[in-house]
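A.B. asks: So I've got this file, target_22.txt, and it contains compact mmCIF, C-alpha atoms:
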```txt
# COMPACT_ATOMS: atom_id res chain seq x y z
CA MET U 19 -19.30 51.30 31.59
CA LYS U 20 -16.10 49.32 32.19
CA ALA U 21 -14.45 47.65 29.21
CA ASP U 22 -13.32 44.59 31.18
CA ILE U 23 -16.83 43.85 32.43
CA LEU U 24 -18.21 44.21 28.94
CA ALA U 25 -15.53 41.89 27.58
CA GLY U 26 -16.05 39.45 30.45
CA LEU U 27 -19.77 39.16 29.74
CA GLU U 28 -19.02 38.69 26.08
CA ALA U 29 -16.55 35.91 26.87
CA VAL U 30 -18.94 34.10 29.20
CA ILE U 31 -21.81 34.19 26.71
CA PHE U 32 -19.50 33.13 23.90
CA ALA U 33 -18.08 30.15 25.80
CA ALA U 34 -21.45 28.81 26.97
CA GLU U 35 -23.05 25.78 25.37
CA GLY U 36 -26.50 27.33 25.39
CA PRO U 37 -28.26 30.51 26.41
CA VAL U 38 -26.93 32.06 29.64
CA SER U 39 -29.39 33.42 32.16
CA LEU U 40 -29.26 36.98 33.38
CA GLU U 41 -28.80 35.76 36.97
CA ASP U 42 -25.77 33.68 36.03
CA LEU U 43 -24.27 36.60 34.16
CA SER U 44 -24.77 38.99 37.05
CA THR U 45 -23.11 36.47 39.39
CA ALA U 46 -20.23 36.06 36.96
CA VAL U 47 -19.39 39.75 36.87
CA ASP U 48 -20.51 40.35 40.45
CA LEU U 49 -22.95 43.13 39.62
CA PRO U 50 -26.63 43.59 40.41
CA VAL U 51 -29.03 42.31 37.77
CA GLU U 52 -30.11 45.77 36.61
CA GLU U 53 -26.48 46.86 36.14
CA THR U 54 -25.69 43.68 34.24
CA GLU U 55 -28.66 44.26 31.97
CA LYS U 56 -27.30 47.68 31.05
CA TYR U 57 -24.00 46.13 30.07
CA ILE U 58 -25.75 43.47 28.05
CA ASN U 59 -27.77 46.08 26.21
CA ASN U 60 -24.53 47.84 25.36
CA LEU U 61 -23.11 44.57 24.07
CA ARG U 62 -26.24 43.97 22.03
CA GLU U 63 -26.05 47.37 20.40
CA GLU U 64 -22.46 46.68 19.45
CA TYR U 65 -23.21 43.36 17.79
CA ASP U 66 -26.28 44.68 16.01
CA LYS U 67 -23.90 46.78 13.95
CA GLU U 68 -23.53 45.77 10.35
CA ARG U 69 -19.86 44.82 10.61
CA HIS U 70 -20.65 41.82 12.86
CA GLY U 71 -21.72 38.45 11.49
CA PHE U 72 -23.47 37.39 14.65
CA TYR U 73 -25.57 39.16 17.23
CA LEU U 74 -26.80 38.79 20.77
CA ARG U 75 -30.30 37.34 21.09
CA GLU U 76 -32.43 37.26 24.18
CA TYR U 77 -34.94 34.54 25.05
CA ASP U 78 -36.83 35.14 28.25
CA HIS U 79 -33.81 36.76 29.94
CA ASN U 80 -31.38 34.21 28.55
CA TYR U 81 -28.68 35.37 26.18
CA GLN U 82 -26.96 33.70 23.27
CA PHE U 83 -24.88 34.65 20.25
CA LEU U 84 -26.38 33.63 16.93
CA THR U 85 -25.27 34.21 13.38
CA LYS U 86 -27.32 36.78 11.51
CA PRO U 87 -29.95 35.39 9.12
CA SER U 88 -28.45 37.33 6.21
CA TYR U 89 -25.42 35.03 6.28
CA TYR U 90 -27.50 31.88 6.26
CA GLN U 91 -26.69 31.07 2.66
CA LEU U 92 -22.99 31.56 3.23
CA ILE U 93 -22.89 29.22 6.23
CA LYS U 94 -25.09 26.66 4.55
CA GLU U 95 -22.85 26.48 1.51
CA MET U 96 -19.72 26.34 3.61
CA TYR U 97 -20.79 23.76 6.20
CA GLY U 98 -23.92 22.24 4.69
CA LYS U 99 -25.89 22.78 7.88
CA LYS U 100 -29.28 21.16 7.88
CA VAL U 101 -32.24 22.46 9.79
CA THR U 102 -35.24 20.56 11.06
CA ARG U 103 -38.57 22.15 10.41
CA LEU U 104 -41.86 21.18 11.97
CA SER U 105 -44.67 19.49 10.08
CA GLN U 106 -47.90 21.30 9.34
CA ALA U 107 -49.79 19.35 12.00
CA ALA U 108 -47.09 19.97 14.60
CA LEU U 109 -47.00 23.66 13.74
CA GLU U 110 -50.77 24.04 14.04
CA THR U 111 -50.85 22.23 17.35
CA LEU U 112 -47.95 24.30 18.60
CA ALA U 113 -49.75 27.50 17.55
CA ILE U 114 -52.77 26.51 19.63
CA ILE U 115 -50.59 25.76 22.65
CA ALA U 116 -48.55 28.95 22.26
CA TYR U 117 -51.54 31.25 22.07
CA LYS U 118 -53.84 29.46 24.51
CA GLN U 119 -51.48 28.10 27.16
CA PRO U 120 -52.00 26.60 29.67
CA ILE U 121 -54.14 24.22 27.66
CA THR U 122 -55.24 20.58 28.03
CA ARG U 123 -55.01 17.91 25.38
CA GLY U 124 -58.80 17.76 25.17
CA GLU U 125 -59.03 21.46 24.44
CA ILE U 126 -56.43 21.13 21.68
CA GLU U 127 -58.29 18.21 20.15
CA ASP U 128 -61.55 20.18 20.23
CA ILE U 129 -60.00 22.88 18.11
CA ARG U 130 -58.12 20.59 15.74
CA GLY U 131 -60.86 17.98 15.35
CA VAL U 132 -58.29 15.17 15.55
CA LYS U 133 -56.34 13.29 18.21
CA ALA U 134 -53.30 15.20 19.41
CA GLU U 135 -51.45 12.54 21.39
CA LYS U 136 -48.72 11.78 18.87
CA THR U 137 -48.14 15.39 17.96
CA LEU U 138 -47.81 16.31 21.62
CA LEU U 139 -45.24 13.56 22.08
CA THR U 140 -43.22 14.85 19.14
CA LEU U 141 -43.35 18.41 20.40
CA SER U 142 -42.22 17.35 23.88
CA LYS U 143 -39.46 15.27 22.35
CA TYR U 144 -38.13 18.36 20.61
CA GLY U 145 -38.42 20.22 23.91
CA LEU U 146 -40.79 22.80 22.47
CA ILE U 147 -43.60 22.15 24.95
CA GLU U 148 -43.77 20.94 28.51
CA GLU U 149 -46.29 19.91 31.10
CA LEU U 150 -47.12 22.89 33.26
CA GLY U 151 -49.15 20.99 35.79
CA ARG U 152 -52.70 19.81 36.12
CA LYS U 153 -55.99 21.56 35.67
CA ASP U 154 -58.32 21.70 38.63
CA THR U 155 -61.24 20.03 36.86
CA ILE U 156 -62.64 16.52 36.57
CA GLY U 157 -59.87 14.04 35.91
CA ASN U 158 -57.18 16.65 36.59
CA PRO U 159 -55.97 16.76 32.99
CA ILE U 160 -52.37 17.79 32.26
CA VAL U 161 -51.95 21.32 30.96
CA TYR U 162 -49.29 22.13 28.39
CA GLY U 163 -47.27 25.23 27.66
CA THR U 164 -44.31 26.28 25.56
CA THR U 165 -40.66 26.18 26.69
CA LYS U 166 -37.62 28.45 26.41
CA LYS U 167 -36.52 26.30 23.51
CA PHE U 168 -39.75 27.27 21.78
CA LEU U 169 -38.75 30.93 22.05
CA GLN U 170 -35.32 30.11 20.64
CA HIS U 171 -36.73 28.03 17.81
CA PHE U 172 -38.95 30.86 16.64
CA ASP U 173 -36.54 33.61 17.67
CA LEU U 174 -38.98 35.24 20.08
CA LYS U 175 -37.75 37.40 22.94
CA ASN U 176 -40.69 36.31 25.08
CA LEU U 177 -44.26 35.13 24.74
CA SER U 178 -45.68 38.63 24.47
CA CYS U 179 -43.71 38.94 21.22
CA LEU U 180 -45.87 36.29 19.56
CA PRO U 181 -47.24 37.78 16.34
CA GLU U 182 -50.90 38.84 16.25
CA LEU U 183 -53.33 38.60 13.39
CA ASP U 184 -54.32 41.96 11.95
CA ASP U 185 -58.04 41.29 11.87
CA GLU U 186 -59.23 38.92 14.51
CA GLU U 187 -61.82 36.67 13.03
CA MET N 11 -67.41 17.08 -7.88
CA LEU N 12 -65.25 15.29 -5.41
CA TYR N 13 -62.52 16.90 -3.49
CA GLU N 14 -59.51 14.63 -3.39
CA ILE N 15 -57.73 15.09 -0.16
CA LYS N 16 -54.18 13.85 0.16
CA LEU N 17 -54.05 11.01 2.64
CA ASP N 18 -50.61 11.82 4.01
CA GLY N 19 -51.68 15.27 5.08
CA PHE N 20 -54.94 13.96 6.43
CA GLN N 21 -56.12 16.02 9.36
CA GLY N 22 -59.66 14.99 10.21
CA PRO N 23 -63.15 16.31 9.51
CA LEU N 24 -62.47 19.95 10.34
CA GLU N 25 -59.53 20.01 7.95
CA LEU N 26 -61.68 18.48 5.23
CA LEU N 27 -64.42 21.07 5.72
CA TYR N 28 -61.86 23.82 5.85
CA GLN N 29 -60.26 22.66 2.63
CA LEU N 30 -63.65 22.41 0.92
CA ILE N 31 -64.53 25.96 1.87
CA LYS N 32 -61.13 27.19 0.80
CA LYS N 33 -61.38 25.35 -2.49
CA ASN N 34 -64.79 26.85 -3.22
CA LYS N 35 -63.39 30.22 -2.22
CA ILE N 36 -66.21 31.08 0.15
CA GLU N 37 -66.45 32.66 3.58
CA ILE N 38 -67.00 30.59 6.68
CA SER N 39 -70.74 30.91 7.36
CA GLU N 40 -73.85 28.79 7.62
CA ILE N 41 -74.70 29.41 3.98
CA SER N 42 -71.33 28.32 2.73
CA LEU N 43 -71.44 25.24 4.94
CA SER N 44 -74.76 24.18 3.46
CA GLU N 45 -73.19 24.63 0.05
CA VAL N 46 -70.36 22.22 0.74
CA THR N 47 -72.48 19.67 2.62
CA GLU N 48 -72.95 17.52 -0.45
CA GLN N 49 -69.26 17.54 -1.26
CA TYR N 50 -68.50 16.57 2.30
CA LEU N 51 -70.95 13.65 2.26
CA GLU N 52 -69.71 12.56 -1.13
CA TYR N 53 -66.21 12.41 0.22
CA LEU N 54 -67.39 10.42 3.21
CA ASN N 55 -69.01 7.85 0.92
CA LYS N 56 -65.81 7.46 -1.03
CA LEU N 57 -63.85 6.70 2.07
CA GLN N 58 -63.93 2.94 2.33
CA SER N 59 -61.82 2.20 5.31
CA PHE N 60 -60.85 4.30 8.24
CA ASP N 61 -60.86 3.69 11.93
CA MET N 62 -64.05 3.89 13.96
CA GLU N 63 -62.95 6.76 16.14
CA MET N 64 -62.18 8.90 13.13
CA ALA N 65 -65.39 7.77 11.43
CA SER N 66 -67.55 8.90 14.33
CA GLU N 67 -65.85 12.30 14.32
CA PHE N 68 -66.69 12.63 10.64
CA MET N 69 -70.28 11.54 11.29
CA ILE N 70 -70.86 14.12 14.01
CA ILE N 71 -69.77 16.87 11.67
CA ALA N 72 -71.89 15.37 8.87
CA ALA N 73 -74.95 15.46 11.11
CA GLU N 74 -74.29 19.09 12.00
CA LEU N 75 -73.90 19.94 8.33
CA ILE N 76 -77.20 18.34 7.45
CA GLN N 77 -78.88 20.23 10.27
CA ILE N 78 -77.49 23.49 8.93
CA LYS N 79 -78.57 22.57 5.43
CA THR N 80 -82.16 21.80 6.47
CA ARG N 81 -82.31 25.03 8.41
CA ALA N 82 -81.20 26.90 5.30
CA LEU N 83 -84.03 25.30 3.35
CA LEU N 84 -86.71 26.44 5.79
CA PRO N 85 -88.78 29.53 5.02
CA GLU N 86 -87.28 32.87 6.04
CA GLU N 87 -89.46 33.73 9.08
CA GLN N 88 -88.61 30.61 11.00
CA ASN N 89 -85.02 30.99 10.06
CA GLU N 90 -84.65 34.37 11.71
CA ILE N 91 -85.25 33.05 15.18
CA GLU N 92 -82.18 30.89 15.16
CA GLU N 93 -80.03 33.12 13.10
CA GLU N 94 -78.79 35.08 16.08
CA GLU N 95 -76.88 32.26 17.60
CA GLU N 96 -74.10 31.19 15.36
CA SER N 97 -73.91 27.50 14.73
CA SER N 98 -71.25 25.80 16.82
CA LEU N 99 -69.75 24.32 13.69
CA VAL N 100 -69.26 27.74 12.17
CA ARG N 101 -67.64 28.90 15.38
CA ARG N 102 -65.33 25.89 15.44
CA LEU N 103 -64.34 26.37 11.83
CA LYS N 104 -63.61 30.02 12.42
CA GLU N 105 -61.42 29.08 15.34
CA TYR N 106 -59.74 26.45 13.21
CA HIS N 107 -59.13 29.04 10.55
CA TYR N 108 -57.76 31.44 13.16
CA PHE N 109 -55.14 28.99 14.36
CA LYS N 110 -54.31 28.04 10.79
CA LYS N 111 -53.43 31.67 10.20
CA LEU N 112 -51.39 31.82 13.41
CA SER N 113 -49.50 28.69 12.47
CA GLU N 114 -48.62 30.36 9.19
CA LEU N 115 -47.14 33.25 11.15
CA LEU N 116 -45.17 30.78 13.26
CA ASN N 117 -44.04 29.09 10.07
CA ASP N 118 -42.56 32.37 8.84
CA LEU N 119 -40.81 32.87 12.16
CA GLU N 120 -39.45 29.35 12.04
CA LYS N 121 -38.13 29.94 8.56
CA GLU N 122 -36.24 33.01 9.76
CA GLY N 123 -35.15 31.36 13.00
CA ALA N 124 -33.70 28.45 11.07
CA LYS N 125 -31.35 30.84 9.35
CA MET N 126 -29.49 31.55 12.55
CA PHE N 127 -26.82 29.27 13.86
CA VAL N 128 -25.24 28.88 17.25
CA ARG N 129 -21.57 28.30 17.72
CA THR N 130 -20.93 24.62 18.30
CA ALA N 131 -19.46 25.01 21.73
CA THR N 132 -16.89 22.73 23.27
CA CYS N 133 -16.90 24.26 26.75
CA ARG N 134 -18.00 21.87 29.45
CA GLU N 135 -20.77 22.46 31.94
CA LYS N 136 -20.32 25.32 34.32
CA ASN N 137 -18.57 24.62 37.55
CA ILE N 138 -21.05 23.28 40.04
CA LEU N 139 -19.21 24.64 43.06
CA SER N 140 -18.24 28.25 42.69
CA ASN N 141 -14.99 29.56 44.15
CA ASN N 142 -16.56 31.13 47.19
CA PHE N 143 -18.37 27.95 48.09
CA LYS N 144 -17.78 27.08 51.74
CA LEU N 145 -18.89 23.95 53.48
CA ASN N 146 -19.45 24.22 57.21
CA LEU N 147 -19.02 20.73 58.64
CA GLN N 148 -19.25 20.16 62.39
CA ILE N 149 -16.90 17.22 62.32
CA GLU N 150 -13.50 16.34 63.77
CA LEU N 151 -10.65 15.46 61.46
CA GLY N 152 -10.39 11.99 63.03
CA GLU N 153 -14.05 11.28 62.46
CA LEU N 154 -13.72 12.37 58.88
CA MET N 155 -10.77 10.02 58.43
CA GLN N 156 -12.74 7.14 59.92
CA ALA N 157 -15.74 7.86 57.72
CA TYR N 158 -13.47 7.91 54.71
CA LYS N 159 -11.88 4.58 55.68
CA ASN N 160 -15.32 3.02 56.16
CA ALA N 161 -16.37 4.23 52.76
CA VAL N 162 -13.25 2.79 51.13
CA VAL N 163 -13.73 -0.60 52.82
CA ALA N 164 -17.40 -0.68 51.85
CA ALA N 165 -16.52 0.16 48.29
CA SER N 166 -13.86 -2.56 48.04
CA LEU N 167 -16.26 -5.14 49.48
CA GLU N 168 -18.78 -4.14 46.90
CA ILE N 169 -16.25 -4.68 44.15
CA GLU N 170 -15.35 -8.13 45.47
CA GLU N 171 -19.00 -9.13 45.54
CA LYS N 172 -19.40 -8.31 41.94
CA GLN N 173 -18.56 -11.08 39.51
CA PRO N 174 -15.56 -10.42 37.30
CA PRO N 175 -16.78 -9.17 33.96
CA PRO N 176 -17.24 -11.95 31.41
CA GLU N 177 -14.48 -12.13 28.88
CA LEU N 178 -15.30 -11.22 25.35
CA LYS N 179 -15.35 -14.29 23.21
CA GLY N 180 -15.86 -12.88 19.78
CA ALA N 181 -18.86 -14.35 18.03
CA GLU N 182 -18.61 -17.64 19.90
CA ILE N 183 -21.81 -18.81 21.52
CA GLU N 184 -21.62 -21.23 24.38
CA ALA N 185 -23.69 -24.38 24.11
CA GLU N 186 -26.62 -24.62 26.49
CA LYS N 187 -25.45 -26.39 29.61
CA ILE N 188 -28.91 -27.17 30.81
CA LYS N 189 -31.66 -27.73 28.30
CA ILE N 190 -35.34 -27.24 28.98
CA GLU N 191 -36.17 -30.54 27.27
CA ASP N 192 -33.82 -32.43 29.60
CA LYS N 193 -35.19 -30.66 32.61
CA ILE N 194 -38.77 -31.47 31.66
CA LYS N 195 -37.86 -35.13 31.41
CA TYR N 196 -36.11 -34.93 34.76
CA ILE N 197 -39.12 -33.28 36.43
CA LYS N 198 -41.49 -35.91 35.01
CA GLU N 199 -39.35 -38.74 36.34
CA LYS N 200 -39.09 -37.14 39.75
CA LEU N 201 -42.82 -36.59 39.98
CA LEU N 202 -43.57 -40.17 38.96
CA ALA N 203 -41.40 -41.34 41.80
CA VAL N 204 -43.10 -39.08 44.32
CA PRO N 205 -46.87 -39.07 43.63
CA SER N 206 -47.64 -36.76 46.56
CA GLY N 207 -45.87 -33.92 44.77
CA LEU N 208 -42.78 -31.82 45.25
CA SER N 209 -41.93 -28.25 46.03
CA PHE N 210 -39.90 -26.09 43.69
CA SER N 211 -36.74 -26.23 45.78
CA GLU N 212 -36.90 -30.00 45.96
CA LEU N 213 -36.64 -30.11 42.19
CA LEU N 214 -33.34 -28.28 42.13
CA GLU N 215 -30.17 -30.30 41.98
CA GLU N 216 -27.59 -27.62 42.68
CA LYS N 217 -29.21 -24.77 44.49
CA ASN N 218 -26.63 -22.15 43.70
CA ASN N 219 -26.72 -22.47 39.96
CA ARG N 220 -28.73 -19.54 38.69
CA LEU N 221 -29.07 -21.00 35.22
CA GLU N 222 -30.52 -24.17 36.63
CA VAL N 223 -33.09 -22.28 38.69
CA ILE N 224 -34.21 -20.39 35.61
CA VAL N 225 -34.42 -23.46 33.41
CA THR N 226 -36.28 -25.41 36.07
CA PHE N 227 -38.74 -22.58 36.48
CA LEU N 228 -39.28 -22.34 32.72
CA SER N 229 -39.78 -26.10 32.52
CA ILE N 230 -42.44 -25.98 35.20
CA LEU N 231 -44.22 -23.18 33.39
CA GLU N 232 -44.06 -25.18 30.17
CA LEU N 233 -45.42 -28.31 31.85
CA ALA N 234 -48.19 -26.36 33.53
CA LYS N 235 -49.12 -24.77 30.23
CA SER N 236 -49.40 -28.10 28.49
CA LYS N 237 -51.41 -29.33 31.53
CA LYS N 238 -49.00 -32.16 32.32
CA ILE N 239 -48.65 -30.99 35.93
CA LYS N 240 -50.77 -29.12 38.44
CA LEU N 241 -49.63 -26.34 40.71
CA LYS N 242 -51.28 -26.12 44.10
CA GLN N 243 -51.07 -23.59 46.86
CA ASN N 244 -53.20 -24.04 49.95
CA GLU N 245 -52.56 -20.70 51.52
CA VAL N 246 -50.98 -17.44 50.49
CA PHE N 247 -47.17 -17.56 50.84
CA GLU N 248 -47.22 -21.29 51.44
CA SER N 249 -44.86 -23.15 49.17
CA ILE N 250 -46.43 -24.28 45.93
CA ARG N 251 -46.78 -28.02 45.44
CA ILE N 252 -46.12 -29.49 42.05
CA VAL N 253 -48.28 -32.52 41.34
```
Can you dump the structure from the file as structure tokens?
C.D. replies:
Amino acid sequence: MKADILAGLEAVIFAAEGPVSLEDLSTAVDLPVEETEKYINNLREEYDKERHGFYLREYDHNYQFLTKPSYYQLIKEMYGKKVTRLSQAALETLAIIAYKQPITRGEIEDIRGVKAEKTLLTLSKYGLIEELGRKDTIGNPIVYGTTKKFLQHFDLKNLSCLPELDDEE
Amino acid sequence: MLYEIKLDGFQGPLELLYQLIKKNKIEISEISLSEVTEQYLEYLNKLQSFDMEMASEFMIIAAELIQIKTRALLPEEQNEIEEEEESSLVRRLKEYHYFKKLSELLNDLEKEGAKMFVRTATCREKNILSNNFKLNLQIELGELMQAYKNAVVAASLEIEEKQPPPELKGAEIEAEKIKIEDKIKYIKEKLLAVPSGLSFSELLEEKNNRLEVIVTFLSILELAKSKKIKLKQNEVFESIRIV
């Protein structure tokens, strides 16, 4: 494990505006993807240590530094950062999409018992869902799925990390 | 007993049923549904105005509830036959409940996720062309020069064609040079002089004045609307006669 490569990866991730993909990182340090991943894991372990205020998060093989939740209060008091949270309706619709994707608007409305058009627009506006394509049935309805930003918003490494209910009803 | 549901959080018939069951602290089953049927219908009666689409959704569920209720009232033996297949409403409510629970889990995640901040970066986008980017052009230097010159000439011509940008004049508003009222009068006079009718271009005084073209066009539309003139076209793409 070379120190300059480790530091280089750290610098690139730090300087980026958003999450950096594993491919981009491996190109940056000119190493194969698997090698790069090892370095990143090393970096992650380092930042997970208690003495650091931020850590390295992964969202579907994209990496980003984020401040640790335990220092939320401190940052909020210092900079007065505001966070946008989703409404109940948006959250419920998003849950259906997340767990049942790819899913059509009709299928969502069947479960929710109400029209979903506006909520879908809001969710797309926030970049949390996207159109995945069209279903091969009558009318070729659009199917929706969640985005990388969705993973970031809920701090999920990937979709298989979505929480499960203990007793499925 | 009427369940007052907050209008701002209003989520449709399934939400109402769900809230009723939750409020009565009962399990989702056919029996519990028949118990809340009356409350559901009572609520529906209280609702004075809501859109048709929503109303029909509520009615469908109401009908299903009544069906469940009547089935519950039937003697046991007959009941057993249908008991095996769960009512579709019960299934839907259970699914609704399931996603409610999942959305609560997401809510917790969101709460935690919102506690993390990214650095507000100032770095610009990544370099589009990387250092080892090589372009293989099969072109002579002279040709390249010529192509460049052509592009420069084309660009300068384009600039010349464009009107100079209008000067900012503060809050001053220029008076209308050509008024629709005047134009209407003008068109009427012209048409009275030529009973056989005119074409659009014949009505224009200065052909290159864009404002005049627009105002003339608007005047014609106005006159046609108030049925003072007639617009005729004998064949497609033939010029329209104004009579």
A.B. asks: Please build the interface table for chain U against chain N with a cut-off of 9 Å, listing for each qualifying residue the nearest atom pair and the distance in Å to one decimal; count only C-alpha atoms, order rows by chain and increasing number, and write it as a Markdown table.
C.D. replies:
```
| residue | atom | partner | partner_atom | distance |
| --- | --- | --- | --- | --- |
| U:Phe32 | CA | N:Arg129 | CA | 8.1 |
| U:Ala33 | CA | N:Cys133 | CA | 6.1 |
| U:Ala34 | CA | N:Cys133 | CA | 6.4 |
| U:Glu35 | CA | N:Ala131 | CA | 5.2 |
| U:Gly36 | CA | N:Ala131 | CA | 8.3 |
| U:Phe72 | CA | N:Met126 | CA | 8.6 |
| U:Gln82 | CA | N:Val128 | CA | 7.9 |
| U:Phe83 | CA | N:Val128 | CA | 6.5 |
| U:Leu84 | CA | N:Val128 | CA | 4.9 |
| U:Thr85 | CA | N:Met126 | CA | 5.1 |
| U:Lys86 | CA | N:Met126 | CA | 5.8 |
| U:Pro87 | CA | N:Lys125 | CA | 4.8 |
| U:Ser88 | CA | N:Lys125 | CA | 7.8 |
| U:Tyr89 | CA | N:Lys125 | CA | 7.9 |
| U:Tyr90 | CA | N:Lys125 | CA | 5.0 |
| U:Gln91 | CA | N:Lys125 | CA | 8.2 |
| U:Ile93 | CA | N:Phe127 | CA | 8.6 |
| U:Lys94 | CA | N:Lys125 | CA | 8.9 |
| U:Lys99 | CA | N:Phe127 | CA | 8.9 |
| U:Val101 | CA | N:Ala124 | CA | 6.3 |
| U:Thr102 | CA | N:Ala124 | CA | 8.0 |
| U:Arg103 | CA | N:Glu120 | CA | 7.4 |
| U:Leu104 | CA | N:Asn117 | CA | 8.4 |
| U:Gln106 | CA | N:Ser113 | CA | 8.2 |
| U:Ala107 | CA | N:Gln21 | CA | 7.6 |
| U:Leu109 | CA | N:Ser113 | CA | 5.8 |
| U:Glu110 | CA | N:Ser113 | CA | 5.1 |
| U:Thr111 | CA | N:Ser113 | CA | 8.2 |
| U:Leu112 | CA | N:Ser113 | CA | 7.7 |
| U:Ala113 | CA | N:Ser113 | CA | 5.2 |
| U:Ile114 | CA | N:Phe109 | CA | 6.3 |
| U:Tyr117 | CA | N:Leu112 | CA | 8.7 |
| U:Asp128 | CA | N:Arg102 | CA | 8.4 |
| U:Ile129 | CA | N:Tyr106 | CA | 6.1 |
| U:Arg130 | CA | N:Tyr106 | CA | 6.6 |
| U:Gly131 | CA | N:Leu24 | CA | 5.6 |
| U:Val132 | CA | N:Gly22 | CA | 5.5 |
| U:Lys133 | CA | N:Gly22 | CA | 8.8 |
| U:Gln170 | CA | N:Gly123 | CA | 7.7 |
| U:His171 | CA | N:Gly123 | CA | 6.1 |
| U:Phe172 | CA | N:Glu120 | CA | 4.9 |
| U:Asp173 | CA | N:Gly123 | CA | 5.4 |
| U:Leu174 | CA | N:Leu119 | CA | 8.5 |
| U:Leu180 | CA | N:Leu116 | CA | 8.4 |
| U:Pro181 | CA | N:Leu115 | CA | 6.9 |
| U:Glu182 | CA | N:Leu112 | CA | 7.6 |
| U:Leu183 | CA | N:Leu112 | CA | 7.1 |
| U:Glu186 | CA | N:Tyr108 | CA | 7.7 |
| U:Glu187 | CA | N:Tyr108 | CA | 6.6 |
```
A.B. asks: If we count all atoms listed in the file, what is near Ile147 in chain U at a cut-off of 6 Å, once residues fewer than 5 positions away on the same chain are taken out, given as a ChimeraX atom specification?
C.D. replies: /U:141-142,163-165
A.B. asks: Go ahead and compute the interatomic distance for CA of Arg81 in chain N and CA of Lys32 in chain N, in Å to one decimal.
C.D. replies: 22.6 Å
A.B. asks: With 5 Å of padding per side, what axis-aligned box (centre and edge lengths, Å, one decimal) covers all the listed atoms of range 39-44 of chain U? Give it as AutoDock Vina command-line options.
C.D. replies:
```
--center_x -26.8 --center_y 36.2 --center_z 34.6 --size_x 15.1 --size_y 15.6 --size_z 14.9
```
A.B. asks: With distances taken over only C-alpha atoms, which residue among U:Ile23, U:Gly124, U:Thr137, U:Tyr81 lies nearest Asn158 in chain U?
C.D. replies: U:Gly124
A.B. asks: Please compute the CA of Ala108 in chain U-CA of Asp78 in chain U distance, one decimal, in Å.
C.D. replies: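 Interatomic distance, CA of Ala108 in chain U to CA of Asp78 in chain U: 22.8 Å.
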A.B. asks: Just the number, please: distance in Å from CA of Asp66 in chain U to CA of Leu40 in chain U, one decimal.
C.D. replies: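 Interatomic distance, CA of Asp66 in chain U to CA of Leu40 in chain U: 19.2 Å.
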A.B. asks: Could you give me, as a list in words, the residues within 9 Å of Arg152 in chain U, counting all atoms listed in the file and dropping anything in the same chain fewer than 5 positions from it?
C.D. replies: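 Close residues of Arg152 in chain U: Thr122, Asn158, Pro159, Ile160, Val161 and Tyr162 of chain U.
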